[in-house]
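Asks: The file below is query.cif, mmCIF, C-alpha atoms:
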data_work
loop_
_atom_site.label_atom_id
_atom_site.label_comp_id
_atom_site.auth_asym_id
_atom_site.auth_seq_id
_atom_site.Cartn_x
_atom_site.Cartn_y
_atom_site.Cartn_z
CA MET Q 1 46.34 -28.88 60.68
CA GLU Q 2 46.92 -32.44 59.63
CA PHE Q 3 43.18 -33.02 59.52
CA ALA Q 4 42.63 -30.00 57.36
CA GLU Q 5 45.40 -31.01 54.97
CA GLU Q 6 44.03 -34.48 54.66
CA SER Q 7 40.40 -33.43 54.28
CA SER Q 8 40.87 -30.84 51.55
CA PRO Q 9 41.82 -33.24 48.68
CA ALA Q 10 39.06 -35.59 49.80
CA LEU Q 11 36.52 -32.82 49.32
CA ALA Q 12 36.77 -33.39 45.57
CA PHE Q 13 34.74 -36.58 46.05
CA GLU Q 14 31.80 -34.51 47.29
CA LYS Q 15 31.63 -32.30 44.23
CA ASP Q 16 29.08 -32.38 41.45
CA ALA Q 17 30.50 -34.40 38.53
CA PHE Q 18 29.99 -31.53 36.06
CA GLU Q 19 31.80 -29.06 38.29
CA LEU Q 20 35.01 -31.07 38.54
CA THR Q 21 38.25 -29.47 37.42
CA VAL Q 22 41.52 -31.15 36.50
CA GLU Q 23 42.84 -30.12 39.93
CA ASP Q 24 39.98 -32.04 41.53
CA VAL Q 25 40.97 -35.07 39.47
CA TYR Q 26 44.53 -34.72 40.85
CA ASP Q 27 43.14 -34.49 44.38
CA ILE Q 28 41.08 -37.62 43.76
CA SER Q 29 44.16 -39.38 42.34
CA TYR Q 30 46.18 -38.29 45.37
CA VAL Q 31 43.64 -39.68 47.79
CA ILE Q 32 43.22 -42.94 45.87
CA GLY Q 33 47.01 -43.32 45.53
CA ARG Q 34 47.51 -42.74 49.24
CA ASP Q 35 44.80 -45.28 50.09
CA LEU Q 36 46.34 -47.82 47.71
CA LEU Q 37 49.66 -47.45 49.53
CA LYS Q 38 47.91 -48.37 52.72
CA ILE Q 39 47.19 -51.81 51.24
CA SER Q 40 50.17 -53.80 52.54
CA SER Q 41 49.78 -56.72 50.23
CA THR Q 42 52.28 -56.72 47.37
CA GLY Q 43 50.81 -59.44 45.26
CA GLU Q 44 50.64 -59.30 41.44
CA GLU Q 45 46.87 -58.84 41.56
CA VAL Q 46 47.16 -55.69 43.60
CA SER Q 47 49.77 -54.13 41.34
CA ASP Q 48 47.63 -54.89 38.26
CA LEU Q 49 44.68 -53.21 39.96
CA GLN Q 50 46.90 -50.23 40.81
CA PHE Q 51 47.89 -49.81 37.16
CA ARG Q 52 44.28 -50.07 36.05
CA ILE Q 53 43.19 -47.50 38.59
CA VAL Q 54 45.93 -45.14 37.40
CA ARG Q 55 44.79 -45.75 33.84
CA VAL Q 56 41.17 -44.96 34.73
CA LEU Q 57 42.27 -41.82 36.55
CA GLU Q 58 44.23 -40.72 33.46
CA MET Q 59 41.15 -41.23 31.34
CA PHE Q 60 39.14 -39.33 33.90
CA GLU Q 61 41.64 -36.48 33.78
CA ALA Q 62 41.39 -36.33 29.96
CA LEU Q 63 37.60 -36.31 30.02
CA VAL Q 64 37.33 -33.58 32.66
CA ASN Q 65 39.94 -31.54 30.81
CA LYS Q 66 38.10 -31.89 27.52
CA TYR Q 67 34.76 -31.12 29.11
CA ASN Q 68 36.06 -27.99 30.80
CA LEU Q 69 37.59 -26.76 27.55
CA SER Q 70 34.32 -27.31 25.67
CA VAL Q 71 32.35 -25.43 28.29
CA GLU Q 72 34.86 -22.59 28.07
CA GLU Q 73 34.60 -22.49 24.27
CA LEU Q 74 30.82 -22.47 24.37
CA LYS Q 75 30.84 -19.67 26.93
CA MET Q 76 33.12 -17.59 24.72
CA GLU Q 77 30.94 -18.27 21.69
CA ARG Q 78 27.85 -17.29 23.65
CA ASP Q 79 29.45 -14.04 24.80
CA ASN Q 80 30.50 -13.23 21.23
CA LEU Q 81 26.97 -13.78 19.95
CA LYS Q 82 25.53 -11.71 22.79
CA ARG Q 83 27.81 -8.82 21.87
CA GLU Q 84 26.82 -9.17 18.20
CA VAL Q 85 23.10 -9.08 19.07
CA ASP Q 86 23.60 -6.02 21.27
CA ARG Q 87 25.48 -4.28 18.46
CA LEU Q 88 22.70 -5.01 15.91
CA VAL Q 89 19.98 -3.88 18.30
CA THR Q 90 21.67 -0.56 19.03
CA GLU Q 91 22.45 -0.05 15.32
CA ARG Q 92 18.82 -0.67 14.42
CA SER Q 93 17.39 1.69 17.04
CA SER Q 94 19.94 4.44 16.32
CA GLY Q 95 18.62 4.96 12.80
CA PRO Q 96 17.04 3.42 9.72
CA ALA Q 97 19.55 0.75 8.83
CA THR Q 98 19.50 0.02 5.14
CA GLN Q 99 22.52 -2.25 4.88
CA THR Q 100 20.45 -5.42 5.34
CA ALA Q 101 18.13 -4.60 2.43
CA GLY Q 102 19.01 -5.38 -1.14
CA PRO Q 103 19.13 -2.75 -3.91
CA ASN Q 104 15.48 -3.32 -4.85
CA GLN Q 105 14.12 -4.00 -1.40
CA LEU Q 106 12.46 -1.85 1.18
CA LEU Q 107 12.93 -2.25 4.91
CA VAL Q 108 9.64 -1.97 6.76
CA ASP Q 109 9.54 -0.98 10.39
CA LEU Q 110 6.73 -3.11 11.79
CA THR Q 111 6.25 -0.72 14.71
CA ASP Q 112 5.56 2.24 12.42
CA PRO Q 113 1.78 2.86 12.33
CA ASN Q 114 2.26 4.52 8.94
CA ARG Q 115 4.11 1.60 7.37
CA PRO Q 116 2.98 0.47 3.92
CA ARG Q 117 0.44 -2.31 4.26
CA PHE Q 118 -1.71 -2.50 1.15
CA THR Q 119 -0.98 -3.69 -2.34
CA MET Q 120 -1.27 -1.65 -5.52
CA GLN Q 121 -4.15 -3.89 -6.60
CA GLU Q 122 -6.05 -3.14 -3.39
CA LEU Q 123 -5.51 0.60 -3.84
CA LYS Q 124 -6.65 0.34 -7.44
CA GLU Q 125 -9.87 -1.38 -6.42
CA VAL Q 126 -10.61 1.13 -3.67
CA LEU Q 127 -10.01 4.05 -6.02
CA GLN Q 128 -12.21 2.51 -8.70
CA GLU Q 129 -15.00 2.01 -6.22
CA ARG Q 130 -14.60 5.56 -4.88
CA ASN Q 131 -14.74 7.05 -8.36
CA GLN Q 132 -17.70 4.90 -9.34
CA LEU Q 133 -19.63 6.00 -6.27
CA LYS Q 134 -18.67 9.61 -6.99
CA ALA Q 135 -20.00 9.30 -10.53
CA GLN Q 136 -23.21 7.71 -9.29
CA LEU Q 137 -23.66 10.45 -6.70
CA MET Q 138 -23.34 13.05 -9.42
CA VAL Q 139 -26.01 11.33 -11.48
CA VAL Q 140 -28.30 11.22 -8.44
CA GLN Q 141 -27.65 14.88 -7.65
CA GLU Q 142 -28.44 15.77 -11.23
CA GLU Q 143 -31.69 13.83 -11.19
CA LEU Q 144 -32.65 15.37 -7.86
CA GLN Q 145 -32.07 18.80 -9.37
CA LEU Q 146 -34.34 17.90 -12.26
CA PHE Q 147 -37.10 16.66 -9.97
CA LYS Q 148 -36.84 19.77 -7.81
CA SER Q 149 -37.06 22.07 -10.79
CA GLY Q 150 -40.09 20.16 -12.04
CA ILE Q 151 -38.54 19.25 -15.38
CA LEU Q 152 -39.20 15.60 -14.73
CA PRO Q 153 -42.55 14.33 -13.40
CA GLN Q 154 -42.67 12.60 -10.05
CA ALA Q 155 -41.70 8.99 -10.47
CA GLU Q 156 -44.41 6.36 -10.16
CA PRO Q 157 -44.28 5.10 -6.59
CA VAL Q 158 -43.95 1.46 -7.68
CA MET Q 159 -40.41 1.17 -6.39
CA VAL Q 160 -41.40 2.70 -3.08
CA ASP Q 161 -44.27 0.21 -2.67
CA VAL Q 162 -41.93 -2.66 -3.30
CA ASP Q 163 -39.46 -1.30 -0.82
CA LEU Q 164 -42.16 -0.90 1.81
CA ASP Q 165 -43.48 -4.40 1.22
CA THR Q 166 -40.27 -6.05 2.16
CA PRO Q 167 -39.94 -4.75 5.74
CA ALA Q 168 -43.69 -5.30 6.29
CA ALA Q 169 -43.33 -8.92 5.32
CA THR Q 170 -40.40 -9.41 7.63
CA GLU Q 171 -42.35 -7.76 10.44
CA ASN Q 172 -45.16 -10.22 9.93
CA SER Q 173 -43.01 -13.28 9.89
CA PRO Q 174 -41.73 -13.26 13.49
CA PRO Q 175 -45.20 -13.74 15.06
CA ILE Q 176 -45.75 -16.73 12.74
CA VAL Q 177 -42.51 -18.21 13.89
CA ASN Q 178 -43.49 -17.55 17.49
CA ASP Q 179 -46.85 -19.26 17.01
CA ALA Q 180 -45.18 -22.28 15.51
CA LYS Q 181 -42.70 -22.33 18.35
CA GLU Q 182 -45.45 -22.15 20.92
CA GLU Q 183 -47.32 -24.96 19.14
CA ARG Q 184 -44.22 -27.07 19.09
CA THR Q 185 -43.56 -26.53 22.75
CA THR Q 186 -47.14 -27.44 23.64
CA ILE Q 187 -46.91 -30.59 21.57
CA GLY Q 188 -43.59 -31.22 23.13
CA LYS Q 189 -45.14 -30.95 26.56
CA LEU Q 190 -47.86 -33.37 25.57
CA PHE Q 191 -45.37 -35.82 24.18
CA SER Q 192 -43.24 -35.69 27.25
CA PHE Q 193 -46.38 -36.14 29.38
CA ARG Q 194 -47.40 -39.17 27.36
CA ARG Q 195 -43.93 -40.59 27.56
CA LYS Q 196 -44.12 -40.43 31.29
CA MET K 197 -31.75 6.46 -16.17
CA ALA K 198 -33.14 9.95 -16.16
CA LYS K 199 -33.14 12.33 -19.09
CA LYS K 200 -29.65 13.53 -19.98
CA THR K 201 -28.70 17.08 -19.16
CA TYR K 202 -25.96 17.13 -21.77
CA ASP K 203 -25.37 16.20 -25.39
CA LEU K 204 -21.86 14.85 -25.27
CA LEU K 205 -19.44 13.46 -22.76
CA PHE K 206 -15.75 14.12 -23.16
CA LYS K 207 -13.20 12.37 -21.01
CA LEU K 208 -10.07 14.37 -20.32
CA LEU K 209 -6.92 13.44 -18.43
CA LEU K 210 -4.35 15.55 -16.58
CA ILE K 211 -0.78 14.23 -16.40
CA GLY K 212 2.62 15.62 -15.44
CA ASP K 213 5.20 15.55 -12.64
CA SER K 214 4.15 15.62 -9.01
CA GLY K 215 3.58 19.13 -7.66
CA VAL K 216 3.21 20.98 -10.98
CA GLY K 217 -0.37 21.92 -10.08
CA LYS K 218 -2.59 19.48 -11.98
CA THR K 219 -5.14 19.28 -9.18
CA CYS K 220 -5.10 23.08 -8.73
CA VAL K 221 -5.63 23.63 -12.46
CA LEU K 222 -8.63 21.31 -12.33
CA PHE K 223 -9.96 22.80 -9.09
CA ARG K 224 -9.79 26.29 -10.61
CA PHE K 225 -11.70 25.12 -13.66
CA SER K 226 -14.36 23.06 -11.84
CA ASP K 227 -14.90 25.13 -8.70
CA ASP K 228 -13.23 28.45 -9.62
CA ALA K 229 -11.18 28.25 -6.43
CA PHE K 230 -7.57 27.88 -5.35
CA ASN K 231 -6.00 26.18 -2.38
CA THR K 232 -2.38 26.79 -1.38
CA THR K 233 -2.00 23.68 0.80
CA PHE K 234 -0.37 20.90 -1.19
CA ILE K 235 -2.09 17.55 -0.89
CA SER K 236 -0.59 14.91 -3.13
CA THR K 237 -3.24 13.14 -5.20
CA ILE K 238 -3.64 9.49 -4.32
CA GLY K 239 -3.71 7.49 -7.53
CA ILE K 240 -6.56 8.95 -9.52
CA ASP K 241 -9.49 11.28 -8.99
CA PHE K 242 -11.94 13.11 -11.23
CA LYS K 243 -14.19 16.12 -11.47
CA ILE K 244 -17.13 16.95 -13.68
CA LYS K 245 -17.86 20.22 -15.42
CA THR K 246 -20.48 20.88 -18.05
CA VAL K 247 -19.70 23.51 -20.66
CA GLU K 248 -21.57 24.75 -23.69
CA LEU K 249 -19.84 24.80 -27.06
CA GLN K 250 -21.45 25.52 -30.42
CA GLY K 251 -24.88 25.14 -28.90
CA LYS K 252 -24.02 21.75 -27.45
CA LYS K 253 -23.94 20.92 -23.76
CA ILE K 254 -20.75 19.02 -23.21
CA LYS K 255 -20.08 17.22 -20.00
CA LEU K 256 -16.37 17.09 -19.25
CA GLN K 257 -15.24 14.28 -17.03
CA ILE K 258 -11.71 15.27 -16.12
CA TRP K 259 -9.44 12.67 -14.62
CA ASP K 260 -6.74 13.98 -12.31
CA THR K 261 -3.74 11.67 -11.94
CA ALA K 262 -1.07 11.39 -9.27
CA GLY K 263 2.29 12.53 -10.66
CA GLN K 264 4.29 10.33 -8.33
CA GLU K 265 6.02 7.39 -9.96
CA ARG K 266 4.64 4.93 -7.38
CA PHE K 267 1.13 5.38 -8.83
CA HIS K 268 2.31 4.87 -12.40
CA THR K 269 0.60 1.50 -12.96
CA ILE K 270 -2.72 2.87 -11.73
CA THR K 271 -2.63 6.14 -13.65
CA THR K 272 -1.54 4.67 -16.99
CA SER K 273 -4.57 2.38 -16.99
CA TYR K 274 -6.72 5.51 -17.34
CA TYR K 275 -4.97 6.81 -20.46
CA ARG K 276 -6.93 4.54 -22.79
CA GLY K 277 -10.34 6.06 -22.10
CA ALA K 278 -9.17 9.66 -22.50
CA MET K 279 -10.15 11.73 -25.53
CA GLY K 280 -7.98 14.64 -24.49
CA ILE K 281 -4.82 14.75 -22.39
CA MET K 282 -3.35 17.83 -20.73
CA LEU K 283 0.34 17.52 -20.00
CA VAL K 284 1.26 19.98 -17.27
CA TYR K 285 4.72 21.20 -16.22
CA ASP K 286 5.80 23.88 -13.76
CA ILE K 287 7.66 26.90 -15.19
CA THR K 288 9.58 27.19 -11.89
CA ASN K 289 10.72 23.56 -12.03
CA ALA K 290 13.19 22.65 -14.77
CA LYS K 291 12.94 18.93 -14.05
CA SER K 292 9.21 18.94 -14.70
CA PHE K 293 9.93 20.46 -18.12
CA GLU K 294 12.68 17.95 -18.90
CA ASN K 295 10.24 15.13 -18.11
CA ILE K 296 7.82 16.23 -20.83
CA SER K 297 9.34 13.77 -23.29
CA LYS K 298 8.84 10.99 -20.75
CA TRP K 299 5.16 11.91 -20.37
CA LEU K 300 4.71 12.13 -24.14
CA ARG K 301 6.15 8.63 -24.43
CA ASN K 302 3.61 7.46 -21.84
CA ILE K 303 0.85 8.91 -24.00
CA ASP K 304 2.19 7.11 -27.08
CA GLU K 305 2.34 3.85 -25.15
CA HIS K 306 -0.94 3.91 -23.27
CA ALA K 307 -3.40 6.35 -24.86
CA ASN K 308 -5.55 6.12 -27.97
CA GLU K 309 -3.74 7.08 -31.13
CA ASP K 310 -6.14 9.92 -31.96
CA VAL K 311 -6.09 11.42 -28.47
CA GLU K 312 -6.02 15.24 -28.44
CA ARG K 313 -2.94 16.51 -26.58
CA MET K 314 -2.16 19.88 -24.99
CA LEU K 315 0.85 21.25 -23.12
CA LEU K 316 0.44 23.58 -20.14
CA GLY K 317 3.22 25.55 -18.42
CA ASN K 318 1.63 26.21 -15.03
CA LYS K 319 2.47 28.68 -12.24
CA CYS K 320 3.10 31.52 -14.71
CA ASP K 321 2.19 34.01 -11.97
CA MET K 322 5.55 33.25 -10.32
CA GLU K 323 7.65 35.25 -12.79
CA ASP K 324 10.48 35.81 -10.25
CA LYS K 325 11.00 32.06 -9.89
CA ARG K 326 10.69 31.19 -13.57
CA VAL K 327 13.36 28.82 -14.92
CA VAL K 328 11.61 27.65 -18.10
CA GLN K 329 11.21 30.37 -20.71
CA LYS K 330 7.91 30.58 -22.53
CA THR K 331 9.69 30.19 -25.88
CA LYS K 332 11.01 26.79 -24.77
CA GLY K 333 7.49 25.60 -24.06
CA GLU K 334 6.26 26.94 -27.38
CA GLN K 335 9.13 25.23 -29.17
CA ILE K 336 8.57 21.76 -27.72
CA ALA K 337 4.82 22.08 -28.37
CA ARG K 338 5.50 23.01 -31.99
CA GLU K 339 7.86 20.05 -32.39
CA HIS K 340 5.10 17.68 -31.33
CA GLY K 341 2.33 19.53 -33.11
CA ILE K 342 0.32 20.24 -30.00
CA ARG K 343 -1.26 23.34 -28.46
CA PHE K 344 0.46 25.21 -25.65
CA PHE K 345 -0.66 27.62 -22.95
CA GLU K 346 1.06 29.15 -19.99
CA THR K 347 -1.40 29.01 -17.12
CA SER K 348 -1.81 30.00 -13.51
CA ALA K 349 -4.37 28.24 -11.36
CA LYS K 350 -3.61 30.71 -8.58
CA ALA K 351 -4.08 33.87 -10.65
CA ASN K 352 -6.70 32.23 -12.89
CA ILE K 353 -4.80 32.75 -16.13
CA ASN K 354 -5.74 30.74 -19.23
CA ILE K 355 -7.33 27.92 -17.23
CA GLU K 356 -10.80 28.06 -18.75
CA LYS K 357 -9.34 28.91 -22.14
CA ALA K 358 -7.17 25.80 -22.08
CA PHE K 359 -10.02 23.44 -21.19
CA LEU K 360 -12.44 25.01 -23.66
CA THR K 361 -9.86 24.89 -26.44
CA LEU K 362 -9.18 21.23 -25.78
CA ALA K 363 -12.90 20.48 -25.72
CA GLU K 364 -13.35 22.39 -28.99
CA ASP K 365 -10.58 20.42 -30.63
CA ILE K 366 -12.24 17.18 -29.59
CA LEU K 367 -15.65 18.43 -30.68
CA ARG K 368 -14.23 19.26 -34.11
CA LYS K 369 -13.20 15.64 -34.56
CA THR K 370 -16.51 14.30 -33.26
CA PRO K 371 -18.85 13.07 -36.00
CA VAL K 372 -22.00 15.21 -36.20
CA LYS K 373 -25.11 13.30 -35.27
CA GLU K 374 -28.30 13.57 -33.33
CA PRO K 375 -27.70 13.67 -29.61
CA ASN K 376 -28.61 10.29 -28.24
CA SER K 377 -28.74 9.18 -24.67
CA GLU K 378 -27.06 5.91 -25.56
CA ASN K 379 -23.79 7.42 -26.62
CA VAL K 380 -22.98 9.06 -23.34
CA ASP K 381 -21.63 7.07 -20.52
CA ILE K 382 -20.96 8.66 -17.20
CA SER K 383 -21.14 5.77 -14.80
CA SER K 384 -17.85 4.31 -15.88
CA GLY K 385 -15.53 5.25 -13.06
CA GLY K 386 -12.82 2.82 -13.96
CA GLY K 387 -12.01 4.42 -17.26
CA VAL K 388 -12.37 1.00 -18.82
CA THR K 389 -15.44 1.70 -20.89
CA GLY K 390 -14.30 4.40 -23.18
CA TRP K 391 -16.50 6.93 -24.85
CA LYS K 392 -18.62 5.22 -27.47
CA SER K 393 -18.41 7.11 -30.71
CA LYS K 394 -20.85 4.87 -32.54
CA CYS K 395 -24.54 5.51 -32.32
CA CYS K 396 -26.22 2.32 -31.38
CA SER K 397 -29.95 2.81 -30.96
#
Before we go any further, please render this structure as C-alpha cells.
Replies:
Amino acid sequence: MEFAEESSPALAFEKDAFELTVEDVYDISYVIGRDLLKISSTGEEVSDLQFRIVRVLEMFEALVNKYNLSVEELKMERDNLKREVDRLVTERSSGPATQTAGPNQLLVDLTDPNRPRFTMQELKEVLQERNQLKAQLMVVQEELQLFKSGILPQAEPVMVDVDLDTPAATENSPPIVNDAKEERTTIGKLFSFRRK
Amino acid sequence: MAKKTYDLLFKLLLIGDSGVGKTCVLFRFSDDAFNTTFISTIGIDFKIKTVELQGKKIKLQIWDTAGQERFHTITTSYYRGAMGIMLVYDITNAKSFENISKWLRNIDEHANEDVERMLLGNKCDMEDKRVVQKTKGEQIAREHGIRFFETSAKANINIEKAFLTLAEDILRKTPVKEPNSENVDISSGGGVTGWKSKCCS
C-alpha cells in the first residue's frame, strides 16, 4: 500500500509535457517537496534553493493551467464551428437556399447539369450564326430548285476543276516528300560511313 | 449569286409576351400547320415566305422573337432592321394585353420611325377562356393608329390576312422602281444590314 501511495504522485514525472494537468503539477510539487525535506542540511543556501524551487513550481502551475484552459477554449470553438458547418450543409441540401444571395444575384448549383453556363453575348453569336446559315441554306435550296427546273443553265465547271485540283496536288506531294526523305537518309548513311 | 426569284424583300418582326402564340402564328403562315406542344423560342429565329402582291413577288423574312424578358437585349437588336412589326397578345391572358404599352414603347425606342405596326389578338378560337374583349383591342389599336386583327393560329383565322395586309401596307410605302437584284438582301441573318431602299446599280 505504501509503495502504491508513494508511486502514484511520482507517475506525473513520466507524463507527456502537453498532457499535464494542474493536479499533476501538485503531484510533482508534492514529490519534490518531500525530497527536499529529506535533505537534512539547514543552511541558508538550501532554503534559498527551496524558495526558488517553489517559485518555479508556481510558475509551472500557472503555465499548465493557462495551457489547459486554452486547449479547452479551442476545443469548444472547434465544436461550435463544426456544428455551424453541419447546420449549413443540411440547410443547403434540404432546399434551394436563397438567403446567401443578394437581391440581384443568382445562386448557381454547380452540380446541376442544367445550370446556366453561357453569356448573353455567346448566345447572341450562336443565334446569329444559326440564322445566317439558315438564310444561306435557303438561298442554296432556291438555286438548286432553279437548276433542277432548268431555268438556269448548268454552271461552268471551273469551280469544280479548281476544287479537284487541290486534293490532287496534295496527293502528289507526299511521294515527293518521301523521295526527299529517302535521299536524305541515303546521304546520311554515306556521311556516317565517311565519318567512321 | 443566282437570279432572284422575287422582286422585293420585306423584313417583318413578331413581338409580344411569352406564350401568346407568336411562333404558332408564324408557323401557320409559313407552313400552314399547327403544333400544340409549347416550345419557348430561344432568342430569335426566322422563317421565309414568298407572297405575290400587285404582280410583285415579295419575299417575307419574318423574325420570330422570344417573349421572355431574359432575351430582351438580343431581341431588341433586331427591331432596327424590321419594316413591319406584329405585336401579338393572347385574348385569354389579360397580362399580355396590359403589356401592349410596354411593347409599343420598345418599338418607339428600338425600331425605325416609319416601321409599319400591327396588333394581333391571338387564340380567338378559345372563346370560353376569353378575358380581353375584342372592343378593347380595337380601341387600343385605334388610339395608336395601327391595324388590328383577332387571329387564331390553331383554327387558321385571319393569319394570312394579317400578314398580307401588313405586307401591302409596306408595299404602299415602297417607292416604285424597276426590280433590281441589288436592292434585295437575304443573307443578312443578324438583322444588322437593313433593307436598302435606295437603288444603287
Asks: Output as CSV one row per residue of chain Q within 10 Å of chain K: the closest atom pair and its distance in Å to one decimal place, counting all atoms listed in the file, sorted by chain and residue number ascending.
Replies:
residue,atom,partner,partner_atom,distance
Q:Met120,CA,K:Ile270,CA,7.8
Q:Gln121,CA,K:Ile270,CA,8.6
Q:Leu123,CA,K:Gly239,CA,8.0
Q:Lys124,CA,K:Ile270,CA,6.3
Q:Glu125,CA,K:Gly386,CA,9.1
Q:Leu127,CA,K:Ile240,CA,6.9
Q:Gln128,CA,K:Gly386,CA,5.3
Q:Glu129,CA,K:Gly385,CA,7.6
Q:Arg130,CA,K:Gly385,CA,8.2
Q:Asn131,CA,K:Gly385,CA,5.1
Q:Gln132,CA,K:Gly385,CA,4.3
Q:Leu133,CA,K:Gly385,CA,8.0
Q:Lys134,CA,K:Gly385,CA,8.1
Q:Ala135,CA,K:Ser383,CA,5.7
Q:Gln136,CA,K:Ser383,CA,6.2
Q:Leu137,CA,K:Ser383,CA,9.7
Q:Met138,CA,K:Ile244,CA,8.5
Q:Val139,CA,K:Ile382,CA,8.1
Q:Val140,CA,K:Ala198,CA,9.2
Q:Glu142,CA,K:Thr201,CA,8.0
Q:Glu143,CA,K:Ala198,CA,6.5
Q:Leu144,CA,K:Ala198,CA,9.9
Q:Leu146,CA,K:Lys199,CA,8.9
Q:Phe147,CA,K:Ala198,CA,10.0
Q:Ile151,CA,K:Lys199,CA,9.5
Q:Leu152,CA,K:Lys199,CA,8.2
Asks: Take the point (-8.7, 8.1, -23.8) in the file's coordinates, draw a sphere of radius 7 Å around it, and report as a PyMOL selection string every protein, DNA or RNA residue with an atom inside or on it, counting all atoms listed in the file.
Replies: chain K and resi 207+275-280+307-308+311+390
Asks: Could you work out how far CA of Ile258 in chain K lies from CA of Thr246 in chain K, giving the answer in Å with one decimal?
Replies: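 Straight-line distance from CA of Thr246 in chain K to CA of Ile258 in chain K works out to 10.6 Å.
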Asks: Compare K:Phe225, K:Lys218, K:Leu315, K:Ile355 by their minimum atom-to-atom distance to Arg338 in chain K, counting all atoms listed in the file, and give me the closest one.
Replies: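 Closest to Arg338 in chain K, using all atoms listed in the file: K:Leu315.
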Asks: To one decimal place in Å, what is the distance between CA of Asn231 in chain K and CA of Lys350 in chain K?
Replies: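 Atom-to-atom, CA of Asn231 in chain K to CA of Lys350 in chain K, that is 8.0 Å.
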Asks: At what distance in Å, to one decimal, does CA of His306 in chain K lie from CA of Cys320 in chain K?
Replies: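 Interatomic distance here is 29.2 Å.
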Asks: Taking the file as shown, what set of residues would the PyMOL selection byres ((chain Q and resi 12) around 9) give back, as a list in words?
Replies: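 With the shown file as input, the PyMOL selection byres ((chain Q and resi 12) around 9) matches Ser8, Pro9, Ala10, Leu11, Phe13, Glu14, Lys15, Asp16, Leu20, Glu23, Asp24, Val25, Asp27 and Ile28 of chain Q.
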Asks: Report, as JSON, the centre and edge lengths in Å (one decimal) of the axis-aligned box enclosing every listed atom of range 347-360 of chain K, padded by 6 Å on each side.
Replies:
{"center_x": -6.9, "center_y": 28.7, "center_z": -16.1, "size_x": 23.0, "size_y": 22.4, "size_z": 27.1}
Asks: With the PyMOL selection byres ((chain Q and resi 64) around 9) as the selection, what would be picked from this file? Answer as a PyMOL selection string, please.
Replies: chain Q and resi 18+20-22+25+59-63+65-69
Asks: Report the residues retrieved by the PyMOL selection byres ((chain K and resi 208-217) around 7) from the displayed file, expressed as number ranges by chain.
Replies: K: 206-207, 218-221, 256-264, 278-286, 292, 299, 318
